[in-house]
file protein05.txt (compact mmCIF, C-alpha atoms)
# COMPACT_ATOMS: atom_id res chain seq x y z
CA MET E 1 13.26 -0.07 0.28
CA PRO E 2 15.76 0.50 -2.57
CA VAL E 3 15.72 3.18 -5.31
CA MET E 4 13.07 5.28 -3.56
CA SER E 5 11.91 4.71 0.00
CA GLY E 6 8.30 4.31 1.03
CA ASP E 7 8.56 7.60 2.93
CA GLU E 8 9.74 9.46 -0.16
CA PHE E 9 7.06 7.82 -2.29
CA ARG E 10 4.40 9.01 0.15
CA GLU E 11 5.87 12.53 0.16
CA ARG E 12 5.69 12.63 -3.64
CA GLN E 13 2.18 11.18 -3.63
CA LEU E 14 0.95 13.83 -1.17
CA ALA E 15 2.54 16.55 -3.31
CA ASP E 16 0.58 15.41 -6.37
CA PRO E 17 -3.00 16.74 -6.41
CA ARG E 18 -4.07 13.91 -8.74
CA HIS E 19 -3.03 11.22 -6.30
CA ARG E 20 -2.92 12.72 -2.82
CA ASP E 21 -6.39 11.43 -1.89
CA VAL E 22 -5.60 7.75 -2.48
CA PRO E 23 -5.57 6.19 1.01
CA VAL E 24 -2.40 4.50 2.22
CA ILE E 25 -2.12 1.55 4.59
CA CYS E 26 1.48 1.19 5.67
CA MET E 27 3.27 -1.97 6.80
CA THR E 28 6.51 -1.89 8.70
CA ALA E 29 8.85 -3.98 10.80
CA ALA E 30 10.37 -0.86 12.37
CA HIS E 31 10.28 -0.47 16.17
CA ASP E 32 8.95 3.05 15.76
CA GLY E 33 6.38 1.94 13.17
CA LEU E 34 3.46 3.86 14.61
CA ALA E 35 5.43 7.12 14.79
CA ARG E 36 6.62 6.63 11.20
CA ALA E 37 3.08 5.88 10.02
CA GLU E 38 1.83 9.05 11.70
CA ARG E 39 4.68 11.07 10.22
CA ILE E 40 3.72 10.09 6.67
CA GLN E 41 -0.01 10.59 7.43
CA ALA E 42 -0.89 6.97 6.74
CA ASP E 43 -4.57 6.06 7.00
CA ASP E 44 -3.84 2.75 8.71
CA TYR E 45 -0.80 0.98 10.05
CA PHE E 46 0.24 -2.67 10.38
CA GLN E 47 3.23 -4.01 12.22
CA LYS E 48 5.17 -6.85 10.54
CA PRO E 49 4.96 -9.81 10.71
CA LEU E 50 1.55 -9.16 9.18
CA ASP E 51 -1.72 -10.59 10.42
CA PHE E 52 -3.20 -11.22 6.97
CA ASP E 53 -6.78 -11.77 8.17
CA GLN E 54 -6.72 -8.47 10.01
CA LEU E 55 -5.11 -6.72 7.05
CA LEU E 56 -7.77 -8.02 4.63
CA THR E 57 -10.52 -6.94 7.04
CA VAL E 58 -9.14 -3.39 7.12
CA VAL E 59 -8.65 -3.33 3.33
CA ARG E 60 -12.25 -4.40 2.74
CA ALA E 61 -13.56 -1.85 5.25
CA ARG E 62 -11.42 0.95 3.84
CA LEU E 63 -12.82 0.22 0.35
CA GLY E 64 -16.39 0.04 1.56
CA PHE E 65 -16.77 -3.75 1.43
CA VAL E 66 -17.80 -4.90 4.89
CA MET H 1 -15.14 -9.05 -10.08
CA ARG H 2 -14.85 -5.83 -8.11
CA ALA H 3 -13.69 -2.94 -10.26
CA VAL H 4 -11.38 -1.84 -7.49
CA SER H 5 -7.62 -1.83 -7.73
CA ILE H 6 -4.95 -1.87 -5.05
CA LEU H 7 -1.30 -0.92 -5.45
CA VAL H 8 1.11 -3.01 -3.36
CA VAL H 9 4.51 -1.37 -2.76
CA GLU H 10 6.87 -3.85 -1.12
CA ASP H 11 10.51 -4.59 -1.83
CA HIS H 12 10.44 -8.18 -0.57
CA ALA H 13 9.31 -10.14 -3.63
CA ASP H 14 7.89 -13.08 -1.66
CA LEU H 15 5.65 -10.89 0.48
CA ARG H 16 4.70 -8.75 -2.51
CA GLU H 17 3.50 -11.79 -4.43
CA LEU H 18 1.73 -13.25 -1.40
CA LEU H 19 -0.19 -10.02 -0.84
CA ALA H 20 -1.09 -9.89 -4.55
CA VAL H 21 -2.46 -13.46 -4.45
CA LEU H 22 -4.45 -12.79 -1.27
CA LEU H 23 -5.96 -9.56 -2.61
CA GLU H 24 -6.74 -11.05 -6.02
CA GLY H 25 -8.43 -13.88 -4.13
CA GLU H 26 -10.70 -11.22 -2.63
CA GLY H 27 -11.58 -10.10 -6.15
CA PHE H 28 -9.46 -6.97 -6.26
CA THR H 29 -7.29 -5.96 -9.19
CA VAL H 30 -3.70 -5.68 -7.96
CA GLN H 31 -0.75 -3.67 -9.23
CA THR H 32 2.65 -4.25 -7.64
CA ALA H 33 5.84 -2.23 -7.32
CA GLY H 34 9.15 -3.14 -5.71
CA ASN H 35 10.19 0.43 -4.93
CA GLY H 36 8.83 3.95 -4.68
CA ALA H 37 9.92 5.02 -8.15
CA ASP H 38 8.04 2.17 -9.82
CA ALA H 39 5.08 2.88 -7.54
CA LEU H 40 4.92 6.48 -8.78
CA LYS H 41 4.94 5.25 -12.39
CA SER H 42 2.13 2.86 -11.51
CA LEU H 43 0.09 5.72 -9.99
CA ASP H 44 0.39 7.67 -13.22
CA ARG H 45 -0.58 4.65 -15.31
CA ALA H 46 -3.69 3.67 -13.37
CA ARG H 47 -4.87 5.39 -10.21
CA PRO H 48 -5.61 2.75 -7.55
CA SER H 49 -8.34 2.92 -4.90
CA LEU H 50 -5.87 2.05 -2.12
CA ILE H 51 -2.13 1.71 -1.57
CA LEU H 52 -0.41 -0.83 0.67
CA LEU H 53 3.00 0.66 1.40
CA ASP H 54 6.04 -0.93 3.02
CA LEU H 55 8.00 1.48 5.19
call {"tool": "encode", "arguments": {"input": "protein05.txt", "output": "structure tokens"}}
result
Amino acid sequence: MPVMSGDEFRERQLADPRHRDVPVICMTAAHDGLARAERIQADDYFQKPLDFDQLLTVVRARLGFV
Amino acid sequence: MRAVSILVVEDHADLRELLAVLLEGEGFTVQTAGNGADALKSLDRARPSLILLDL
């Protein structure tokens, strides 16, 4: 991602007490996607190409809409 | 309308817009950013309930 990577964004988010609690679902096409998601302490992880139905299910659940 | 907002951070414009349409279709309010810097600005402007982040 240009200008600022997703990893750096997450680092800055976690360093900000106002925003660190906002959950993050990460999406990646990287081979080592799971390891990267764990490294940035993501709450959920999706491999690209995305399964949109599955993604929406997790989004709803994460927000308390089952 | 659910008073819940989601921030989508994705540099590929097509996927970003598709995710926004899908999530808005679910009734969520959606903010989008094409890079981490814009995403940080968006966080300061309006704190979302959830972030979808491209890595």
call {"tool": "interface_residues", "arguments": {"input": "protein05.txt", "of": "chain E", "to": "chain H", "cutoff": "7 Å", "atoms": "only C-alpha atoms", "output": "list in words"}}
result
Met1, Pro2, Val3, Met4, Ser5, Gly6, Asp7, Phe9, Val22, Pro23, Val24, Ile25, Cys26, Met27 and Thr28 of chain E
call {"tool": "write_last_selection", "arguments": {"input": "protein05.txt", "atoms": "C-alpha atoms", "output": "CSV table (one decimal), keeping the file's coordinate frame"}}
result
chain,number,residue,atom,x,y,z
E,1,MET,CA,13.3,-0.1,0.3
E,2,PRO,CA,15.8,0.5,-2.6
E,3,VAL,CA,15.7,3.2,-5.3
E,4,MET,CA,13.1,5.3,-3.6
E,5,SER,CA,11.9,4.7,0.0
E,6,GLY,CA,8.3,4.3,1.0
E,7,ASP,CA,8.6,7.6,2.9
E,9,PHE,CA,7.1,7.8,-2.3
E,22,VAL,CA,-5.6,7.8,-2.5
E,23,PRO,CA,-5.6,6.2,1.0
E,24,VAL,CA,-2.4,4.5,2.2
E,25,ILE,CA,-2.1,1.6,4.6
E,26,CYS,CA,1.5,1.2,5.7
E,27,MET,CA,3.3,-2.0,6.8
E,28,THR,CA,6.5,-1.9,8.7
call {"tool": "atom_distance", "arguments": {"input": "protein05.txt", "atom1": "atom CA of H:Val21", "atom2": "atom CA of E:Ala35"}}
result
29.3 Å
call {"tool": "atom_distance", "arguments": {"input": "protein05.txt", "atom1": "atom CA of E:Leu50", "atom2": "atom CA of E:Ala29"}}
result
9.1 Å
call {"tool": "residues_around", "arguments": {"input": "protein05.txt", "residues": "E:Asp32", "least_positions_apart": "4", "cutoff": "12 Å", "atoms": "only C-alpha atoms", "output": "list in words"}}
result
Met27, Thr28, Arg36, Ala37, Glu38, Arg39, Tyr45, Phe46, Gln47 and Lys48 of chain E; Leu55 of chain H
call {"tool": "closest_residue", "arguments": {"input": "protein05.txt", "among": "E:Asp44, E:Leu34, E:Gln13, E:Asp21", "to": "E:Arg62", "atoms": "all atoms listed in the file"}}
result
E:Asp44
call {"tool": "atom_distance", "arguments": {"input": "protein05.txt", "atom1": "atom CA of H:Val30", "atom2": "atom CA of H:Glu17"}}
result
10.1 Å
call {"tool": "decode", "arguments": {"input": "protein05.txt", "residues": "stretch 5-23 of chain E", "atoms": "N, CA and C atoms", "output": "short mmCIF file (atom, residue, chain, number, x, y, z; two decimals), in the first residue's frame"}}
result
data_model
loop_
_atom_site.label_atom_id
_atom_site.label_comp_id
_atom_site.auth_asym_id
_atom_site.auth_seq_id
_atom_site.Cartn_x
_atom_site.Cartn_y
_atom_site.Cartn_z
N SER E 5 2.06 2.04 4.77
CA SER E 5 1.60 0.66 4.66
C SER E 5 0.55 0.34 5.72
N GLY E 6 -0.17 -0.75 5.47
CA GLY E 6 -1.15 -1.21 6.45
C GLY E 6 -0.49 -1.56 7.77
N ASP E 7 0.71 -2.14 7.69
CA ASP E 7 1.43 -2.50 8.92
C ASP E 7 1.75 -1.26 9.75
N GLU E 8 2.21 -0.20 9.05
CA GLU E 8 2.58 1.01 9.78
C GLU E 8 1.33 1.70 10.35
N PHE E 9 0.26 1.67 9.56
CA PHE E 9 -1.01 2.22 10.06
C PHE E 9 -1.39 1.55 11.37
N ARG E 10 -1.34 0.21 11.37
CA ARG E 10 -1.73 -0.56 12.55
C ARG E 10 -0.83 -0.22 13.75
N GLU E 11 0.47 -0.07 13.47
CA GLU E 11 1.42 0.29 14.53
C GLU E 11 1.03 1.63 15.15
N ARG E 12 0.70 2.58 14.29
CA ARG E 12 0.32 3.91 14.78
C ARG E 12 -1.01 3.86 15.52
N GLN E 13 -1.93 3.04 15.01
CA GLN E 13 -3.24 2.90 15.68
C GLN E 13 -3.06 2.34 17.09
N LEU E 14 -2.23 1.28 17.20
CA LEU E 14 -2.02 0.64 18.50
C LEU E 14 -1.30 1.57 19.48
N ALA E 15 -0.54 2.51 18.95
CA ALA E 15 0.19 3.45 19.80
C ALA E 15 -0.69 4.60 20.28
N ASP E 16 -1.91 4.68 19.74
CA ASP E 16 -2.80 5.79 20.08
C ASP E 16 -3.90 5.30 21.03
N PRO E 17 -3.86 5.72 22.28
CA PRO E 17 -4.83 5.22 23.26
C PRO E 17 -6.28 5.50 22.88
N ARG E 18 -6.51 6.50 22.05
CA ARG E 18 -7.90 6.81 21.64
C ARG E 18 -8.44 5.76 20.67
N HIS E 19 -7.53 5.15 19.92
CA HIS E 19 -7.97 4.30 18.81
C HIS E 19 -7.53 2.84 18.90
N ARG E 20 -6.71 2.52 19.90
CA ARG E 20 -6.10 1.19 19.91
C ARG E 20 -7.11 0.06 20.08
N ASP E 21 -8.29 0.37 20.64
CA ASP E 21 -9.28 -0.68 20.90
C ASP E 21 -10.18 -0.98 19.70
N VAL E 22 -10.07 -0.20 18.63
CA VAL E 22 -10.92 -0.46 17.46
C VAL E 22 -10.42 -1.76 16.81
N PRO E 23 -11.30 -2.78 16.70
CA PRO E 23 -10.85 -4.05 16.13
C PRO E 23 -10.48 -3.94 14.65
#
